[in-house]
$ cat final31.cif   # mmCIF, C-alpha atoms
data_structure
#
loop_
_atom_site.label_atom_id
_atom_site.label_comp_id
_atom_site.auth_asym_id
_atom_site.auth_seq_id
_atom_site.Cartn_x
_atom_site.Cartn_y
_atom_site.Cartn_z
CA MET N 1 32.56 -54.88 -123.01
CA GLU N 2 34.03 -57.06 -125.75
CA ILE N 3 32.05 -57.38 -128.96
CA ASP N 4 31.12 -60.77 -130.38
CA LEU N 5 32.51 -60.82 -133.92
CA SER N 6 31.33 -64.34 -134.71
CA SER N 7 28.73 -62.96 -137.14
CA ALA N 8 31.42 -60.96 -138.92
CA GLU N 9 33.50 -64.13 -139.22
CA GLU N 10 30.72 -65.65 -141.31
CA THR N 11 31.15 -62.95 -143.96
CA ASP N 12 32.14 -64.30 -147.36
CA PHE N 13 35.58 -62.69 -147.33
CA THR N 14 37.91 -62.99 -150.32
CA PRO N 15 41.25 -64.81 -149.97
CA PHE N 16 42.84 -61.36 -149.52
CA GLU N 17 40.37 -60.31 -146.84
CA ARG N 18 40.25 -63.32 -144.52
CA PRO N 19 43.79 -62.89 -143.12
CA ILE N 20 43.19 -59.12 -142.82
CA PHE N 21 40.11 -59.82 -140.73
CA ASN N 22 41.98 -62.27 -138.50
CA VAL N 23 44.78 -59.78 -137.81
CA LEU N 24 42.46 -56.84 -137.08
CA LYS N 25 40.27 -58.99 -134.86
CA ALA N 26 43.31 -60.16 -132.89
CA THR N 27 44.44 -56.56 -132.44
CA LEU N 28 41.03 -55.47 -131.13
CA GLN N 29 40.89 -58.39 -128.71
CA TYR N 30 44.46 -57.92 -127.53
CA PRO N 31 44.44 -57.13 -123.77
CA GLY N 32 46.28 -53.84 -124.14
CA ASN N 33 45.30 -50.25 -123.49
CA GLN N 34 43.39 -48.09 -125.96
CA GLN N 35 46.39 -46.23 -127.33
CA ALA N 36 48.30 -49.45 -127.93
CA LYS N 37 45.41 -50.83 -129.97
CA ILE N 38 45.15 -47.64 -132.02
CA GLU N 39 48.84 -47.74 -132.89
CA LYS N 40 48.70 -51.47 -133.63
CA LEU N 41 45.70 -51.07 -135.97
CA ALA N 42 47.54 -48.37 -137.91
CA ASP N 43 50.67 -50.53 -138.05
CA ASP N 44 48.58 -53.47 -139.26
CA ILE N 45 47.14 -51.46 -142.15
CA ILE N 46 50.57 -50.15 -143.13
CA PHE N 47 51.90 -53.71 -143.01
CA PHE N 48 49.13 -54.95 -145.33
CA CYS N 49 49.99 -52.24 -147.84
CA LYS N 50 53.75 -52.79 -147.73
CA SER N 51 53.33 -56.55 -148.03
CA SER N 52 51.21 -56.25 -151.16
CA SER N 53 52.27 -55.59 -154.74
CA HIS N 54 48.88 -54.03 -155.46
CA GLY N 55 49.64 -50.62 -153.96
CA SER N 56 46.49 -48.76 -152.99
CA GLY N 57 44.45 -51.63 -154.43
CA ILE N 58 44.94 -53.62 -151.22
CA LEU N 59 43.13 -50.84 -149.36
CA TRP N 60 39.90 -51.85 -151.07
CA HIS N 61 40.13 -55.12 -149.17
CA VAL N 62 41.32 -53.47 -145.94
CA TRP N 63 38.49 -50.93 -145.85
CA SER N 64 35.92 -53.59 -146.76
CA VAL N 65 37.01 -55.69 -143.79
CA VAL N 66 37.06 -52.67 -141.47
CA ILE N 67 33.49 -51.82 -142.48
CA GLU N 68 32.33 -55.41 -141.93
CA ILE N 69 33.74 -55.21 -138.40
CA ILE N 70 32.23 -51.76 -137.83
CA PHE N 71 28.77 -53.17 -138.59
CA TYR N 72 28.96 -55.01 -135.26
CA ILE N 73 30.48 -52.28 -133.07
CA PRO N 74 27.91 -50.03 -131.35
CA PRO N 75 28.34 -46.24 -131.15
CA GLY N 76 30.68 -45.04 -128.46
CA HIS N 77 32.28 -48.44 -127.92
CA PRO N 78 36.08 -48.28 -127.39
CA TRP N 79 36.65 -50.36 -130.52
CA GLN N 80 34.82 -47.79 -132.62
CA ASP N 81 37.00 -45.07 -131.13
CA CYS N 82 40.08 -47.19 -131.90
CA PHE N 83 39.25 -47.32 -135.59
CA ILE N 84 38.37 -43.62 -135.75
CA GLN N 85 41.63 -42.59 -134.10
CA CYS N 86 43.52 -45.11 -136.22
CA LEU N 87 42.27 -43.36 -139.37
CA SER N 88 43.24 -39.98 -137.93
CA SER N 89 46.71 -41.36 -137.23
CA LEU N 90 47.05 -42.66 -140.79
CA ARG N 91 46.02 -39.27 -142.19
CA GLN N 92 48.90 -37.63 -140.34
CA ARG N 93 51.53 -39.76 -142.07
CA ASP N 94 53.92 -37.93 -144.38
CA ASP N 95 54.54 -40.82 -146.75
CA THR N 96 52.37 -41.99 -149.64
CA ILE N 97 51.07 -45.17 -151.18
CA SER N 98 51.37 -45.96 -154.88
CA SER N 99 48.20 -45.99 -156.94
CA TYR N 100 47.21 -49.43 -158.16
CA ASP N 101 44.72 -47.88 -160.57
CA GLN N 102 47.37 -45.95 -162.47
CA PRO N 103 50.58 -48.01 -162.34
CA SER N 104 51.90 -46.58 -165.60
CA THR N 105 52.00 -43.05 -164.19
CA GLN N 106 53.34 -44.19 -160.80
CA THR N 107 50.95 -41.89 -158.98
CA ASP N 108 51.59 -41.51 -155.26
CA LEU N 109 48.50 -41.07 -153.12
CA PRO N 110 48.80 -39.25 -149.77
CA TRP N 111 47.57 -41.05 -146.67
CA GLU N 112 45.82 -37.81 -145.75
CA ASP N 113 43.14 -38.72 -148.32
CA LEU N 114 42.68 -42.29 -147.03
CA PRO N 115 42.72 -43.66 -150.60
CA ASN N 116 39.67 -45.68 -151.67
CA LEU N 117 37.87 -45.35 -148.33
CA SER N 118 35.07 -43.15 -149.66
CA TYR N 119 34.48 -45.56 -152.56
CA CYS N 120 34.27 -48.53 -150.21
CA VAL N 121 31.87 -46.68 -147.93
CA ARG N 122 29.69 -45.82 -150.92
CA GLU N 123 29.67 -49.45 -151.99
CA LYS N 124 28.33 -50.47 -148.57
CA TRP N 125 25.83 -47.59 -148.33
CA LEU N 126 22.61 -49.61 -148.64
CA ASP N 127 19.81 -48.28 -146.44
CA PRO N 128 17.85 -51.26 -145.03
CA THR N 129 14.88 -49.06 -144.08
CA ASP N 130 13.96 -48.93 -147.78
CA ALA N 131 13.34 -52.68 -147.82
CA GLU N 132 9.84 -54.08 -147.43
CA GLU N 133 10.89 -56.43 -144.64
CA GLU N 134 11.96 -54.95 -141.31
CA LEU N 135 15.06 -56.66 -139.95
CA ASP N 136 16.19 -55.33 -136.58
CA GLU N 137 19.68 -56.80 -137.01
CA GLU N 138 20.15 -54.88 -140.26
CA PHE N 139 18.86 -51.69 -138.63
CA THR N 140 21.41 -52.08 -135.84
CA LYS N 141 24.24 -52.58 -138.32
CA TRP N 142 23.05 -49.52 -140.26
CA LYS N 143 23.10 -47.39 -137.11
CA ASN N 144 26.59 -48.61 -136.22
CA PHE N 145 27.85 -47.88 -139.73
CA ASN N 146 26.36 -44.38 -139.90
CA SER N 147 27.65 -43.55 -136.44
CA PHE N 148 31.16 -44.56 -137.44
CA VAL N 149 31.13 -42.57 -140.69
CA ALA N 150 29.61 -39.53 -138.96
CA ARG N 151 32.27 -39.60 -136.25
CA VAL N 152 35.04 -39.97 -138.83
CA THR N 153 33.53 -36.97 -140.61
CA SER N 154 33.62 -34.98 -137.37
CA THR N 155 37.42 -35.40 -137.28
CA GLY N 156 37.73 -33.33 -140.46
CA PHE N 157 37.65 -36.07 -143.10
CA ALA N 158 34.53 -35.17 -145.06
CA PRO N 159 34.60 -36.20 -148.73
CA TRP N 160 31.01 -37.44 -148.65
CA LEU N 161 28.43 -34.67 -148.27
CA SER N 162 25.95 -36.91 -150.06
CA PHE N 163 25.75 -39.42 -147.20
CA PRO N 164 24.31 -37.14 -144.49
CA ILE N 165 22.07 -35.39 -147.03
CA TRP N 166 20.63 -38.73 -148.13
CA GLN N 167 19.86 -39.77 -144.56
CA LEU N 168 18.31 -36.43 -143.66
CA ARG N 169 16.23 -36.60 -146.84
CA THR N 170 15.04 -40.15 -146.08
CA ALA N 171 14.05 -39.31 -142.51
CA LEU N 172 12.71 -35.79 -142.95
CA GLU N 173 11.75 -35.19 -146.58
CA GLU N 174 9.93 -38.41 -147.38
CA PRO N 175 6.53 -39.57 -146.07
CA PRO N 176 7.01 -41.09 -142.62
CA VAL N 177 6.46 -44.75 -141.88
CA LYS N 178 5.57 -46.38 -138.59
CA GLY N 179 7.64 -48.53 -136.31
CA SER N 180 11.27 -49.58 -136.21
CA ALA N 181 12.10 -48.43 -139.75
CA MET N 182 11.15 -44.83 -138.92
CA ASP N 183 12.86 -45.19 -135.58
CA CYS N 184 16.05 -46.18 -137.38
CA ARG N 185 15.77 -43.37 -139.93
CA LEU N 186 15.42 -40.70 -137.27
CA TRP N 187 18.17 -42.23 -135.14
CA VAL N 188 20.56 -42.08 -138.10
CA ALA N 189 19.54 -38.55 -139.12
CA SER N 190 19.96 -37.27 -135.57
CA GLU N 191 23.34 -39.00 -135.28
CA TRP N 192 24.62 -37.05 -138.26
CA ILE N 193 23.35 -33.77 -136.83
CA ILE N 194 24.67 -34.45 -133.32
CA HIS N 195 28.21 -35.10 -134.58
CA CYS N 196 28.42 -33.08 -137.80
CA ALA N 197 25.91 -30.23 -137.66
CA ASP N 198 28.64 -27.63 -138.17
CA ILE N 199 30.17 -29.45 -141.15
CA ILE N 200 26.80 -30.08 -142.79
CA PHE N 201 25.70 -26.47 -142.28
CA GLU N 202 28.95 -25.13 -143.71
CA ASP N 203 28.77 -27.43 -146.73
CA ILE N 204 25.17 -26.68 -147.65
CA SER N 205 25.83 -22.97 -147.15
CA SER N 206 29.00 -22.81 -149.25
CA LEU N 207 28.05 -24.97 -152.23
CA LYS N 208 26.48 -22.70 -154.82
CA ASP N 209 27.15 -23.89 -158.36
CA LEU N 210 26.34 -27.60 -158.52
CA ASP N 211 26.98 -29.68 -161.59
CA GLU N 212 24.13 -31.82 -162.87
CA GLY N 213 25.36 -35.00 -161.22
CA LEU N 214 25.83 -33.48 -157.76
CA ALA N 215 22.53 -31.62 -157.96
CA ARG N 216 20.78 -34.88 -158.75
CA SER N 217 22.58 -36.64 -155.90
CA LEU N 218 21.57 -33.97 -153.40
CA SER N 219 18.01 -33.61 -154.66
CA ALA N 220 15.26 -33.07 -152.11
CA GLY N 221 12.48 -35.42 -151.09
CA PRO N 222 8.80 -34.93 -151.98
CA LEU N 223 7.88 -33.20 -148.71
CA TYR N 224 10.44 -30.42 -149.05
CA ASP N 225 8.59 -27.31 -150.20
CA GLY N 226 11.53 -24.93 -150.48
CA LYS N 227 13.06 -23.48 -153.62
CA ALA N 228 16.74 -23.70 -152.69
CA LEU N 229 18.34 -27.12 -153.03
CA LEU N 230 20.92 -26.22 -150.39
CA GLY N 231 21.25 -23.49 -147.80
CA ALA N 232 19.38 -22.05 -144.84
CA GLU N 233 15.95 -22.80 -146.29
CA ARG N 234 16.52 -26.55 -146.37
CA TRP N 235 18.22 -26.44 -142.96
CA LYS N 236 15.15 -24.75 -141.44
CA PHE N 237 12.91 -27.32 -143.09
CA TRP N 238 14.89 -30.12 -141.43
CA LYS N 239 14.49 -28.41 -138.07
CA ARG N 240 10.76 -28.08 -138.57
CA ARG N 241 10.38 -31.71 -139.59
CA PHE N 242 12.41 -32.95 -136.62
CA SER N 243 10.01 -31.07 -134.34
CA GLU N 244 6.89 -32.28 -136.16
CA LEU N 245 7.98 -35.91 -136.17
CA ASN N 246 8.94 -35.73 -132.52
CA ALA N 247 5.47 -34.38 -131.74
CA ASP N 248 4.00 -37.37 -133.60
CA SER N 249 6.27 -39.88 -131.86
CA GLY N 250 3.29 -41.72 -130.38
CA LYS N 251 1.53 -42.15 -133.72
CA LEU N 252 4.76 -43.22 -135.39
CA GLU N 253 5.53 -45.67 -132.57
CA LEU N 254 8.95 -44.17 -131.94
CA ASP N 255 11.13 -45.21 -129.04
CA ASN N 256 11.58 -42.67 -126.25
CA ALA N 257 15.34 -42.77 -126.80
CA VAL N 258 14.87 -41.52 -130.36
CA SER N 259 12.73 -38.63 -129.13
CA ASN N 260 15.53 -37.62 -126.78
CA ARG N 261 18.04 -37.81 -129.62
CA ILE N 262 15.83 -35.58 -131.77
CA LEU N 263 15.81 -32.98 -129.01
CA GLU N 264 19.59 -33.21 -128.82
CA ALA N 265 19.84 -32.77 -132.59
CA LEU N 266 17.56 -29.71 -132.46
CA GLU N 267 19.71 -28.23 -129.72
CA ARG N 268 22.80 -28.71 -131.88
CA MET N 269 21.09 -27.02 -134.82
CA ASP N 270 20.11 -24.08 -132.62
CA LYS N 271 23.70 -23.71 -131.43
CA ILE N 272 24.98 -23.71 -135.01
CA GLU N 273 22.52 -20.98 -135.96
CA ILE N 274 23.42 -18.90 -132.90
CA GLY N 275 27.10 -19.37 -133.68
CA GLN N 276 26.57 -18.27 -137.27
CA LEU N 277 24.63 -15.21 -136.10
CA GLU N 278 27.36 -14.27 -133.63
CA THR N 279 30.01 -14.73 -136.30
CA SER N 280 28.02 -12.55 -138.68
CA ASN N 281 27.59 -9.86 -136.02
CA GLU N 282 31.29 -9.96 -135.17
CA THR N 283 32.19 -9.61 -138.84
CA GLU N 284 29.88 -6.62 -139.23
CA ALA N 285 31.29 -5.07 -136.05
CA ARG N 286 34.84 -5.52 -137.31
CA GLN N 287 33.92 -3.97 -140.64
CA GLU N 288 32.24 -1.02 -138.94
CA GLY N 289 35.15 -0.68 -136.53
CA SER N 290 37.59 -0.78 -139.41
CA ALA N 291 35.66 1.94 -141.23
CA SER N 292 35.51 4.03 -138.06
CA ALA N 293 39.20 3.51 -137.36
CA SER N 294 40.01 4.43 -140.94
CA SER N 295 38.00 7.64 -140.60
CA SER N 296 39.66 8.39 -137.27
CA SER N 297 43.04 7.66 -138.77
CA HIS N 298 42.37 10.08 -141.61
CA LEU N 299 41.24 12.73 -139.15
CA ASN N 300 44.32 12.33 -136.98
CA THR N 301 46.60 12.50 -139.97
CA ARG N 302 44.90 15.69 -141.14
CA GLN N 303 45.26 17.23 -137.68
CA LEU N 304 48.95 16.35 -137.65
CA LEU N 305 49.39 17.90 -141.06
CA LEU N 306 47.68 21.09 -139.86
CA LEU N 307 49.85 21.12 -136.73
CA ASP N 308 52.99 20.63 -138.78
CA LYS N 309 51.92 23.42 -141.10
CA SER N 310 51.29 25.76 -138.17
CA VAL N 311 54.68 25.02 -136.62
CA TYR N 312 56.36 25.41 -139.98
CA GLU N 313 54.65 28.75 -140.63
CA LYS N 314 55.66 30.09 -137.20
CA ALA N 315 59.25 29.03 -137.71
CA PHE N 316 59.29 30.44 -141.22
CA THR N 317 57.83 33.79 -140.03
CA LYS N 318 60.38 34.01 -137.20
CA THR N 319 63.20 33.42 -139.66
CA LEU N 320 61.99 36.23 -141.88
CA THR N 321 61.87 38.67 -138.99
#

$ encode --input "final31.cif" --output "structure tokens"
Amino acid sequence: MEIDLSSAEETDFTPFERPIFNVLKATLQYPGNQQAKIEKLADDIIFFCKSSSHGSGILWHVWSVVIEIIFYIPPGHPWQDCFIQCLSSLRQRDDTISSYDQPSTQTDLPWEDLPNLSYCVREKWLDPTDAEEELDEEFTKWKNFNSFVARVTSTGFAPWLSFPIWQLRTALEEPPVKGSAMDCRLWVASEWIIHCADIIFEDISSLKDLDEGLARSLSAGPLYDGKALLGAERWKFWKRRFSELNADSGKLELDNAVSNRILEALERMDKIEIGQLETSNETEARQEGSASASSSSHLNTRQLLLLDKSVYEKAFTKTLT
């Protein structure tokens, strides 16, 4: 199914961005196979950079256009997959792009870091469910955007722990609202868990010493009653709230599809916990096995030493006689 990008065309693009949009749109609509489109998208982005004297600065415009297109591509659509795999392909490049922000130092930025992408995503990160007016079109674009960023995160590019934490906080740690806004919040929160539960769990478990700015960014909502800002306690609270909100789906006027997604998210969280428990048990078993093997090794060495001593003594006695 081809996506109608006519709404994206109405975006107030800059003179830099309009031709970028036209090229990327043409690539997506080109009647080729999926792999051909992925390679062409990556080539397009490289071409934009090489044709510009602004170095990594042109990527601000490229990523902005990509995000505007992503707003209109639903989760799981082949075009979304094209962009995700395109970014993965760019990250595997060995060459670099010069930094426009620091021309005097001639800094080279690796493609592995997708320069400026996280800043552009942050600039567009405006949750429409916080607005007083409910606009279904904006909710749809927000779902599409979060799905894309979550799926990019699942590929191993995860410089933005704040984004999933913010969406989980909005959906699970703040007083619930009724209708499509709450529906959207829970859809987005479950999307992050479905695709990135392992990454989120690892991040909130490993971050210990937070500076003031990061601690403020990852602060909890008013409903969270735990002491730990990050870690298993907050994870368990999210699980509990998912279950409670799903039980209240009728009162909150949630769509049945969202309830099913919540169940899928809870299943993912359970699997992560089971996996962590199994990993912990395996680690303990290895440690115990290592200690046992070490003890056995010491015992065997001692026995060998005693055997050697016995043989030596017999030989020595025989020599004397």

$ closest_residue --input "final31.cif" --among "N:Ile73, N:Leu186, N:Ile199, N:Leu210" --to "Ser243 (chain N)" --atoms "all atoms listed in the file"
N:Leu186

$ resolve_selection --input "final31.cif" --expression "the PyMOL selection byres ((chain N and resi 136-145) around 6)" --output "ChimeraX atom specification"
/N:71,74-75,135,146-148,188

$ residues_around --input "final31.cif" --residues "Met269 (chain N)" --least-positions-apart "2" --cutoff "9 Å" --atoms "all atoms listed in the file" --output "ChimeraX atom specification"
/N:193-194,197-198,201,235,239,264-267,271-274

$ closest_residue --input "final31.cif" --among "N:Asp44, N:Val149, N:Asp211, N:Glu68" --to "Glu9 (chain N)" --atoms "all atoms listed in the file"
N:Glu68

$ atom_distance --input "final31.cif" --atom1 "CA of Trp166 (chain N)" --atom2 "CA of Leu218 (chain N)"
7.2 Å

$ atom_distance --input "final31.cif" --atom1 "CA of Pro164 (chain N)" --atom2 "CA of Leu254 (chain N)"
21.0 Å

$ resolve_selection --input "final31.cif" --expression "the PyMOL selection byres ((chain N and resi 38) around 7)" --output "ChimeraX atom specification"
/N:34-37,39-42,82-83,85-86

$ resolve_selection --input "final31.cif" --expression "the PyMOL selection byres ((chain N and resi 165) around 12)" --output "PyMOL selection string"
chain N and resi 150+160-164+166-173+188-190+192-193+196-197+199-201+203-204+214-221+229-231+234-235+238

$ residues_around --input "final31.cif" --residues "Asp113 (chain N)" --least-positions-apart "3" --cutoff "12 Å" --atoms "all atoms listed in the file" --output "list in words"
Ser56, Leu87, Ser88, Ser89, Leu90, Arg91, Gln92, Arg93, Asp94, Asp95, Thr96, Ile97, Asp108, Leu109, Pro110, Asn116, Leu117, Ser118, Tyr119, Gly156, Phe157, Ala158 and Pro159 of chain N

$ axis_aligned_box --input "final31.cif" --around "region 204-221 of chain N" --padding-each-side "6 Å" --output "JSON"
{"center_x": 20.7, "center_y": -29.7, "center_z": -155.0, "size_x": 28.5, "size_y": 25.9, "size_z": 27.7}
